[in-house]
$ cat final39.txt   # compact mmCIF, C-alpha atoms
# COMPACT_ATOMS: atom_id res chain seq x y z
CA MET A 1 103.38 105.35 127.68
CA GLU A 2 103.14 105.61 123.95
CA SER A 3 102.79 109.10 122.53
CA MET A 4 100.55 110.01 119.62
CA LEU A 5 103.56 111.67 118.06
CA SER A 6 107.03 110.20 117.90
CA LYS A 7 109.96 112.47 118.64
CA ASP A 8 111.46 112.13 115.17
CA HIS A 9 108.18 113.44 113.70
CA VAL A 10 108.40 116.71 115.63
CA ARG A 11 110.60 119.76 115.12
CA THR A 12 110.52 122.95 117.16
CA HIS A 13 111.62 126.53 116.45
CA ILE A 14 111.78 126.05 112.70
CA HIS A 15 112.68 129.05 110.57
CA ALA A 16 110.25 129.32 107.67
CA SER A 17 110.26 132.06 105.04
CA ASP A 18 106.51 131.86 104.33
CA TRP A 19 103.50 129.55 104.69
CA ALA A 20 104.49 127.34 101.77
CA ASP A 21 107.99 126.90 103.18
CA ALA A 22 106.46 125.99 106.54
CA ILE A 23 104.27 123.31 104.93
CA ARG A 24 107.29 122.05 102.97
CA GLN A 25 109.38 121.69 106.11
CA ALA A 26 106.61 119.90 107.99
CA GLY A 27 106.14 117.62 104.99
CA ASN A 28 109.85 116.91 104.67
CA ILE A 29 109.73 115.12 108.01
CA LEU A 30 107.34 112.61 106.46
CA VAL A 31 109.47 112.33 103.32
CA ASP A 32 112.47 111.49 105.52
CA ALA A 33 110.36 108.95 107.38
CA GLY A 34 109.48 107.29 104.09
CA SER A 35 105.76 107.90 104.60
CA ILE A 36 105.20 110.25 101.67
CA GLN A 37 106.81 111.20 98.40
CA PRO A 38 107.64 114.88 97.73
CA ALA A 39 104.69 115.13 95.33
CA TYR A 40 102.36 115.05 98.33
CA ILE A 41 103.96 118.24 99.67
CA ASP A 42 103.24 119.95 96.37
CA SER A 43 99.61 118.79 96.62
CA MET A 44 99.27 120.29 100.10
CA ILE A 45 100.60 123.63 98.89
CA GLU A 46 98.45 123.53 95.74
CA SER A 47 95.35 122.90 97.83
CA VAL A 48 95.90 126.12 99.79
CA LYS A 49 96.44 128.01 96.54
CA ASN A 50 93.25 126.56 95.06
CA LEU A 51 90.92 126.47 98.04
CA GLY A 52 92.30 129.26 100.21
CA PRO A 53 93.75 129.16 103.71
CA TYR A 54 90.88 127.15 105.19
CA ILE A 55 93.43 124.78 106.77
CA VAL A 56 94.07 127.46 109.41
CA ILE A 57 91.14 126.10 111.36
CA MET A 58 91.85 127.89 114.60
CA PRO A 59 94.10 130.69 115.82
CA GLN A 60 97.80 130.00 115.30
CA PHE A 61 97.28 126.51 113.89
CA ALA A 62 97.25 125.03 110.37
CA LEU A 63 96.28 121.48 109.45
CA ALA A 64 98.21 120.84 106.25
CA HIS A 65 96.99 117.93 104.19
CA ALA A 66 95.91 116.82 100.73
CA SER A 67 93.68 114.03 99.54
CA PRO A 68 94.83 110.42 99.89
CA CYS A 69 96.87 109.54 96.82
CA GLU A 70 99.66 107.34 95.51
CA ALA A 71 102.31 109.67 96.93
CA VAL A 72 101.26 108.55 100.42
CA LYS A 73 102.97 105.31 101.34
CA LYS A 74 101.86 105.16 104.96
CA SER A 75 99.40 107.17 107.04
CA ASP A 76 101.45 109.48 109.19
CA ILE A 77 101.54 112.78 111.05
CA SER A 78 104.26 115.35 111.71
CA LEU A 79 104.25 118.59 113.65
CA ILE A 80 106.45 121.68 113.60
CA THR A 81 106.48 124.88 115.59
CA LEU A 82 107.90 128.04 114.08
CA GLU A 83 110.44 130.44 115.51
CA LYS A 84 108.58 133.27 113.80
CA PRO A 85 104.97 132.84 112.69
CA VAL A 86 103.83 132.92 109.06
CA ASP A 87 100.66 134.39 107.57
CA PHE A 88 98.31 132.33 105.41
CA GLY A 89 95.86 135.15 104.72
CA SER A 90 93.42 133.71 107.25
CA THR A 91 91.51 135.45 110.03
CA ASN A 92 93.28 132.99 112.33
CA ASP A 93 96.78 134.26 111.40
CA PRO A 94 99.55 134.35 112.47
CA VAL A 95 100.35 130.63 112.42
CA PHE A 96 102.92 129.11 114.75
CA VAL A 97 102.03 125.42 114.58
CA ILE A 98 101.70 123.22 111.48
CA LEU A 99 100.37 119.70 111.69
CA CYS A 100 101.05 117.75 108.52
CA LEU A 101 98.66 114.90 107.86
CA ALA A 102 99.07 112.18 105.25
CA CYS A 103 96.63 109.33 104.86
CA THR A 104 96.40 106.38 102.53
CA ASP A 105 92.61 106.52 102.58
CA SER A 106 89.98 108.75 104.16
CA SER A 107 88.92 106.44 106.97
CA SER A 108 91.77 104.39 108.43
CA HIS A 109 93.42 107.28 110.26
CA LEU A 110 90.25 108.64 111.83
CA GLU A 111 90.59 107.13 115.28
CA HIS A 112 94.16 108.32 115.70
CA LEU A 113 93.41 111.75 114.27
CA SER A 114 90.32 112.10 116.47
CA LYS A 115 92.46 111.67 119.56
CA ILE A 116 94.96 114.22 118.34
CA ALA A 117 92.17 116.61 117.35
CA SER A 118 90.46 116.53 120.71
CA LEU A 119 93.77 117.15 122.43
CA LEU A 120 94.66 120.06 120.13
CA MET A 121 91.26 121.66 120.59
CA GLU A 122 91.52 121.81 124.36
CA GLU A 123 91.72 125.36 125.60
CA GLY A 124 95.25 126.67 125.85
CA ARG A 125 96.78 123.61 124.21
CA ILE A 126 98.15 125.40 121.16
CA ASN A 127 99.90 127.91 123.39
CA GLU A 128 101.54 125.10 125.32
CA ILE A 129 102.79 123.63 122.05
CA ILE A 130 104.09 127.03 120.87
CA LYS A 131 105.92 127.51 124.15
CA ALA A 132 107.47 124.04 124.18
CA LYS A 133 111.25 124.34 124.31
CA ASP A 134 112.07 121.18 122.43
CA GLU A 135 110.72 118.04 120.77
CA ASN A 136 110.63 116.08 124.02
CA GLU A 137 108.26 118.56 125.57
CA ILE A 138 105.85 118.28 122.66
CA VAL A 139 105.97 114.49 122.66
CA ARG A 140 105.11 114.63 126.35
CA LEU A 141 102.14 116.93 125.66
CA PHE A 142 100.78 114.28 123.33
CA GLN A 143 101.47 111.53 125.81
CA ALA A 144 100.14 112.81 129.11
CA ASN A 145 96.61 113.00 127.77
CA TYR A 146 96.60 109.84 125.73
CA SER A 147 94.71 107.75 128.23
CA CYS A 148 92.24 110.44 129.24
CA MET B 1 67.28 112.62 112.92
CA ILE B 2 68.98 115.78 111.67
CA LYS B 3 71.93 115.08 109.39
CA ILE B 4 74.84 117.50 109.63
CA GLN B 5 77.67 117.44 107.11
CA THR B 6 81.02 119.01 108.01
CA VAL B 7 82.99 119.94 104.91
CA CYS B 8 86.65 120.53 104.14
CA GLY B 9 88.83 120.20 101.06
CA PHE B 10 89.10 116.44 101.12
CA GLY B 11 86.67 115.28 103.79
CA CYS B 12 89.27 113.76 106.06
CA GLY B 13 91.16 116.51 107.89
CA SER B 14 89.69 119.72 109.21
CA SER B 15 86.13 118.44 108.70
CA LEU B 16 86.91 115.81 111.30
CA PHE B 17 88.04 118.48 113.77
CA LEU B 18 84.80 120.36 113.15
CA LYS B 19 82.74 117.20 113.52
CA MET B 20 84.30 116.54 116.91
CA LYS B 21 83.68 120.08 118.13
CA LEU B 22 80.05 119.84 116.98
CA GLN B 23 79.60 116.55 118.80
CA GLU B 24 80.88 118.21 121.95
CA VAL B 25 78.53 121.17 121.54
CA LEU B 26 75.49 119.01 120.74
CA LYS B 27 76.11 116.84 123.76
CA ALA B 28 76.51 119.86 126.05
CA ASN B 29 73.17 121.18 124.82
CA ASN B 30 71.28 117.89 124.84
CA LEU B 31 70.85 117.92 121.09
CA ASP B 32 71.02 114.91 118.86
CA ALA B 33 72.17 114.72 115.25
CA GLU B 34 74.05 112.50 112.87
CA ILE B 35 77.30 114.15 111.81
CA PHE B 36 79.43 113.06 108.89
CA CYS B 37 82.44 114.47 107.04
CA GLY B 38 82.35 115.48 103.40
CA ASP B 39 84.63 117.07 100.82
CA ILE B 40 84.15 120.28 98.87
CA GLY B 41 83.77 118.44 95.56
CA THR B 42 80.93 116.10 96.45
CA CYS B 43 79.31 117.68 99.52
CA THR B 44 76.33 119.17 97.70
CA SER B 45 75.26 115.78 96.36
CA ALA B 46 75.43 114.08 99.76
CA PRO B 47 71.99 114.21 101.43
CA CYS B 48 72.00 116.28 104.64
CA ASP B 49 69.99 118.98 106.42
CA VAL B 50 72.77 121.47 106.96
CA ILE B 51 76.43 121.98 106.07
CA PHE B 52 79.07 123.32 108.45
CA THR B 53 82.33 124.51 106.93
CA SER B 54 85.12 127.07 107.20
CA GLU B 55 85.04 130.67 106.07
CA GLU B 56 87.13 130.17 102.93
CA LEU B 57 85.08 127.23 101.70
CA GLY B 58 81.74 128.70 102.69
CA ASP B 59 81.16 130.74 99.53
CA ARG B 60 81.99 127.84 97.24
CA VAL B 61 79.56 125.61 99.08
CA LYS B 62 76.81 128.23 99.28
CA ASP B 63 76.84 128.67 95.50
CA ARG B 64 75.76 125.09 95.01
CA ALA B 65 74.11 123.98 98.23
CA THR B 66 70.36 123.54 98.62
CA VAL B 67 70.58 123.32 102.41
CA PRO B 68 71.69 126.01 104.91
CA VAL B 69 75.45 126.56 105.04
CA ILE B 70 76.92 127.59 108.37
CA VAL B 71 80.41 129.09 108.42
CA ILE B 72 82.70 128.56 111.40
CA ASN B 73 85.73 130.86 111.60
CA ASN B 74 87.46 129.33 114.58
CA PHE B 75 86.92 125.62 115.12
CA VAL B 76 87.95 125.71 118.78
CA ASN B 77 85.79 128.67 119.72
CA LYS B 78 83.09 126.85 121.62
CA GLN B 79 81.00 130.00 121.92
CA GLU B 80 80.97 130.57 118.17
CA VAL B 81 80.19 126.95 117.40
CA THR B 82 77.51 126.82 120.10
CA GLU B 83 75.77 130.03 119.04
CA LYS B 84 75.68 129.09 115.38
CA THR B 85 74.55 125.54 116.08
CA LEU B 86 71.78 126.62 118.42
CA ALA B 87 70.65 129.26 115.94
CA PHE B 88 70.31 126.54 113.30
CA PHE B 89 68.31 124.30 115.60
CA GLU B 90 66.05 127.26 116.39
CA THR B 91 65.12 127.51 112.71
CA LEU B 92 63.83 123.93 112.83
CA LYS B 93 61.22 124.69 115.45

$ encode --input "final39.txt" --output "structure tokens"
Amino acid sequence: MESMLSKDHVRTHIHASDWADAIRQAGNILVDAGSIQPAYIDSMIESVKNLGPYIVIMPQFALAHASPCEAVKKSDISLITLEKPVDFGSTNDPVFVILCLACTDSSSHLEHLSKIASLLMEEGRINEIIKAKDENEIVRLFQANYSC
Amino acid sequence: MIKIQTVCGFGCGSSLFLKMKLQEVLKANNLDAEIFCGDIGTCTSAPCDVIFTSEELGDRVKDRATVPVIVINNFVNKQEVTEKTLAFFETLK
């Protein structure tokens, strides 16, 4: 069964020095995949500086993204979990899980993201992701529920 | 039909999460509304009856909005989303 996340787009137990470093490391996965250029990572970090930590939309979880732009070559998603959490200055701190979202426009990714969103918002799901030992376990979490 | 706008920085990330949670809550409470995503820059010029957004963006939106602005702190907290949504629908009666 196909997973919503591919294994090479997931990293677990990442060491991040602060929230910006965490976003950078999640974004680097997409740079390596050829989906974004590094400028997109800077945009994601700038957006938190400008708009505040609103991307921490629920406890322990941040949805890092910026607006669709030329630095996005292909709509794509990566996910990292942190060895030690980082603070964004949000009431939902500390953050253990970063989902990095890049899209070429504001509508084409919606169906895929909707499926991921509903899975992430299930009760207890974020804790399962935090506890996952390795990438395979996370890929499975995004697979088992795909057809539901 | 009530039009609800969910707002985030760019109208394509966290606002979608909030839209989905609202859909779930509306359905569970037999309420009907049209929900669409918007971004912080243009949300106040998009016609709607109410805006839902996050805590950090709430103040920026409130400064300019002519419709009620409802702030959600935790997008997965069904109780919070339900209470605030029902309270808004109460004001329509």

$ residues_around --input "final39.txt" --residues "Cys43 in chain B" --least-positions-apart "5" --cutoff "8 Å" --atoms "all atoms listed in the file" --output "list in words"
Gln5, Val7, Gly38 and Val61 of chain B

$ atom_distance --input "final39.txt" --atom1 "CA of Ser108 in chain A" --atom2 "CA of Val67 in chain B"
29.0 Å

$ closest_residue --input "final39.txt" --among "B:Met1, B:Asn77, B:Glu90, B:Val69" --to "chain A" --atoms "only C-alpha atoms"
B:Asn77

$ interface_residues --input "final39.txt" --of "chain B" --to "chain A" --cutoff "10 Å" --atoms "only C-alpha atoms" --output "ChimeraX atom specification"
/B:8-21,24,37,39-40,53-58,60,72-78

$ write_last_selection --input "final39.txt" --atoms "C-alpha atoms" --output "mmCIF file, keeping the file's coordinate frame"
data_model
loop_
_atom_site.group_PDB
_atom_site.id
_atom_site.type_symbol
_atom_site.label_atom_id
_atom_site.label_comp_id
_atom_site.auth_asym_id
_atom_site.auth_seq_id
_atom_site.Cartn_x
_atom_site.Cartn_y
_atom_site.Cartn_z
ATOM 1 C CA CYS B 8 86.650 120.530 104.140
ATOM 2 C CA GLY B 9 88.830 120.200 101.060
ATOM 3 C CA PHE B 10 89.100 116.440 101.120
ATOM 4 C CA GLY B 11 86.670 115.280 103.790
ATOM 5 C CA CYS B 12 89.270 113.760 106.060
ATOM 6 C CA GLY B 13 91.160 116.510 107.890
ATOM 7 C CA SER B 14 89.690 119.720 109.210
ATOM 8 C CA SER B 15 86.130 118.440 108.700
ATOM 9 C CA LEU B 16 86.910 115.810 111.300
ATOM 10 C CA PHE B 17 88.040 118.480 113.770
ATOM 11 C CA LEU B 18 84.800 120.360 113.150
ATOM 12 C CA LYS B 19 82.740 117.200 113.520
ATOM 13 C CA MET B 20 84.300 116.540 116.910
ATOM 14 C CA LYS B 21 83.680 120.080 118.130
ATOM 15 C CA GLU B 24 80.880 118.210 121.950
ATOM 16 C CA CYS B 37 82.440 114.470 107.040
ATOM 17 C CA ASP B 39 84.630 117.070 100.820
ATOM 18 C CA ILE B 40 84.150 120.280 98.870
ATOM 19 C CA THR B 53 82.330 124.510 106.930
ATOM 20 C CA SER B 54 85.120 127.070 107.200
ATOM 21 C CA GLU B 55 85.040 130.670 106.070
ATOM 22 C CA GLU B 56 87.130 130.170 102.930
ATOM 23 C CA LEU B 57 85.080 127.230 101.700
ATOM 24 C CA GLY B 58 81.740 128.700 102.690
ATOM 25 C CA ARG B 60 81.990 127.840 97.240
ATOM 26 C CA ILE B 72 82.700 128.560 111.400
ATOM 27 C CA ASN B 73 85.730 130.860 111.600
ATOM 28 C CA ASN B 74 87.460 129.330 114.580
ATOM 29 C CA PHE B 75 86.920 125.620 115.120
ATOM 30 C CA VAL B 76 87.950 125.710 118.780
ATOM 31 C CA ASN B 77 85.790 128.670 119.720
ATOM 32 C CA LYS B 78 83.090 126.850 121.620
#

$ residues_around --input "final39.txt" --residues "Asn136 in chain A" --least-positions-apart "5" --cutoff "10 Å" --atoms "only C-alpha atoms" --output "number ranges by chain"
A: 6-8, 10-12, 141

$ residues_near_point --input "final39.txt" --point "(110.3, 116.3, 100.0)" --cutoff "9 Å" --atoms "all atoms listed in the file" --output "JSON, numbers by chain"
{"A": [24, 25, 27, 28, 29, 30, 31, 32, 36, 37, 38, 39, 40, 41, 42]}

$ atom_distance --input "final39.txt" --atom1 "CA of Lys49 in chain A" --atom2 "CA of Ile130 in chain A"
25.5 Å

$ axis_aligned_box --input "final39.txt" --around "range 3-21 of chain B" --padding-each-side "3 Å" --output "AutoDock Vina command-line options"
--center_x 81.5 --center_y 117.1 --center_z 109.6 --size_x 25.2 --size_y 12.8 --size_z 23.1

$ atom_distance --input "final39.txt" --atom1 "CA of Pro68 in chain B" --atom2 "CA of Asp49 in chain B"
7.4 Å

$ residues_around --input "final39.txt" --residues "Phe89 in chain B" --least-positions-apart "2" --cutoff "12 Å" --atoms "all atoms listed in the file" --output "MDAnalysis selection string"
chainID B and resid 2:4 26 29:33 49:50 68 70 82:87 91:93

$ closest_residue --input "final39.txt" --among "A:Ile129, A:Ala26, A:Val139, A:Met44" --to "Ile77 in chain A" --atoms "all atoms listed in the file"
A:Ala26

$ residues_around --input "final39.txt" --residues "range 17-19 of chain A" --least-positions-apart "6" --cutoff "7 Å" --atoms "all atoms listed in the file" --output "list in words"
Val86, Asp87 and Phe88 of chain A

$ closest_residue --input "final39.txt" --among "A:Lys74, A:Lys133, A:His112, A:His13" --to "Val97 in chain A" --atoms "only C-alpha atoms"
A:His13

$ closest_residue --input "final39.txt" --among "A:Val95, A:Leu79, A:Leu119, A:Ile126" --to "Gln143 in chain A" --atoms "all atoms listed in the file"
A:Leu119

$ residues_around --input "final39.txt" --residues "Phe96 in chain A" --least-positions-apart "3" --cutoff "8 Å" --atoms "only C-alpha atoms" --output "PDB file with C-alpha atoms, keeping the file's coordinate frame"
ATOM      1  CA  GLN A  60      97.800 130.000 115.300  1.00  0.00           C
ATOM      2  CA  PHE A  61      97.280 126.510 113.890  1.00  0.00           C
ATOM      3  CA  THR A  81     106.480 124.880 115.590  1.00  0.00           C
ATOM      4  CA  LEU A  82     107.900 128.040 114.080  1.00  0.00           C
ATOM      5  CA  GLU A  83     110.440 130.440 115.510  1.00  0.00           C
ATOM      6  CA  LYS A  84     108.580 133.270 113.800  1.00  0.00           C
ATOM      7  CA  PRO A  85     104.970 132.840 112.690  1.00  0.00           C
ATOM      8  CA  VAL A  86     103.830 132.920 109.060  1.00  0.00           C
ATOM      9  CA  ILE A 130     104.090 127.030 120.870  1.00  0.00           C
TER      10      ILE A 130
END

$ decode --input "final39.txt" --residues "range 8-44 of chain B" --atoms "C-alpha atoms" --output "tab-separated table (two decimals), in the first residue's frame"
chain	number	residue	atom	x	y	z
B	8	CYS	CA	-3.46	31.46	7.93
B	9	GLY	CA	-0.35	33.13	6.57
B	10	PHE	CA	-0.76	31.98	3.00
B	11	GLY	CA	-4.18	30.38	2.83
B	12	CYS	CA	-2.97	26.92	1.97
B	13	GLY	CA	-1.51	25.26	5.06
B	14	SER	CA	-2.82	25.57	8.58
B	15	SER	CA	-6.05	27.18	7.36
B	16	LEU	CA	-6.80	23.90	5.62
B	17	PHE	CA	-6.29	21.98	8.88
B	18	LEU	CA	-8.68	24.37	10.62
B	19	LYS	CA	-11.21	24.09	7.81
B	20	MET	CA	-11.22	20.32	8.16
B	21	LYS	CA	-11.67	20.45	11.93
B	22	LEU	CA	-14.55	22.91	11.50
B	23	GLN	CA	-16.21	20.66	8.95
B	24	GLU	CA	-16.01	17.82	11.44
B	25	VAL	CA	-17.49	19.94	14.23
B	26	LEU	CA	-20.29	21.35	12.06
B	27	LYS	CA	-21.26	17.90	10.90
B	28	ALA	CA	-21.29	16.53	14.46
B	29	ASN	CA	-23.62	19.35	15.48
B	30	ASN	CA	-25.88	19.26	12.44
B	31	LEU	CA	-24.81	22.71	11.33
B	32	ASP	CA	-24.29	23.79	7.78
B	33	ALA	CA	-21.88	26.39	6.44
B	34	GLU	CA	-19.62	27.08	3.52
B	35	ILE	CA	-15.98	27.07	4.62
B	36	PHE	CA	-13.10	28.42	2.59
B	37	CYS	CA	-9.42	29.13	3.24
B	38	GLY	CA	-7.91	32.59	3.09
B	39	ASP	CA	-4.59	34.29	3.71
B	40	ILE	CA	-3.72	37.03	6.17
B	41	GLY	CA	-3.09	39.58	3.43
B	42	THR	CA	-6.40	39.39	1.60
B	43	CYS	CA	-8.79	37.82	4.11
B	44	THR	CA	-10.54	41.04	5.10
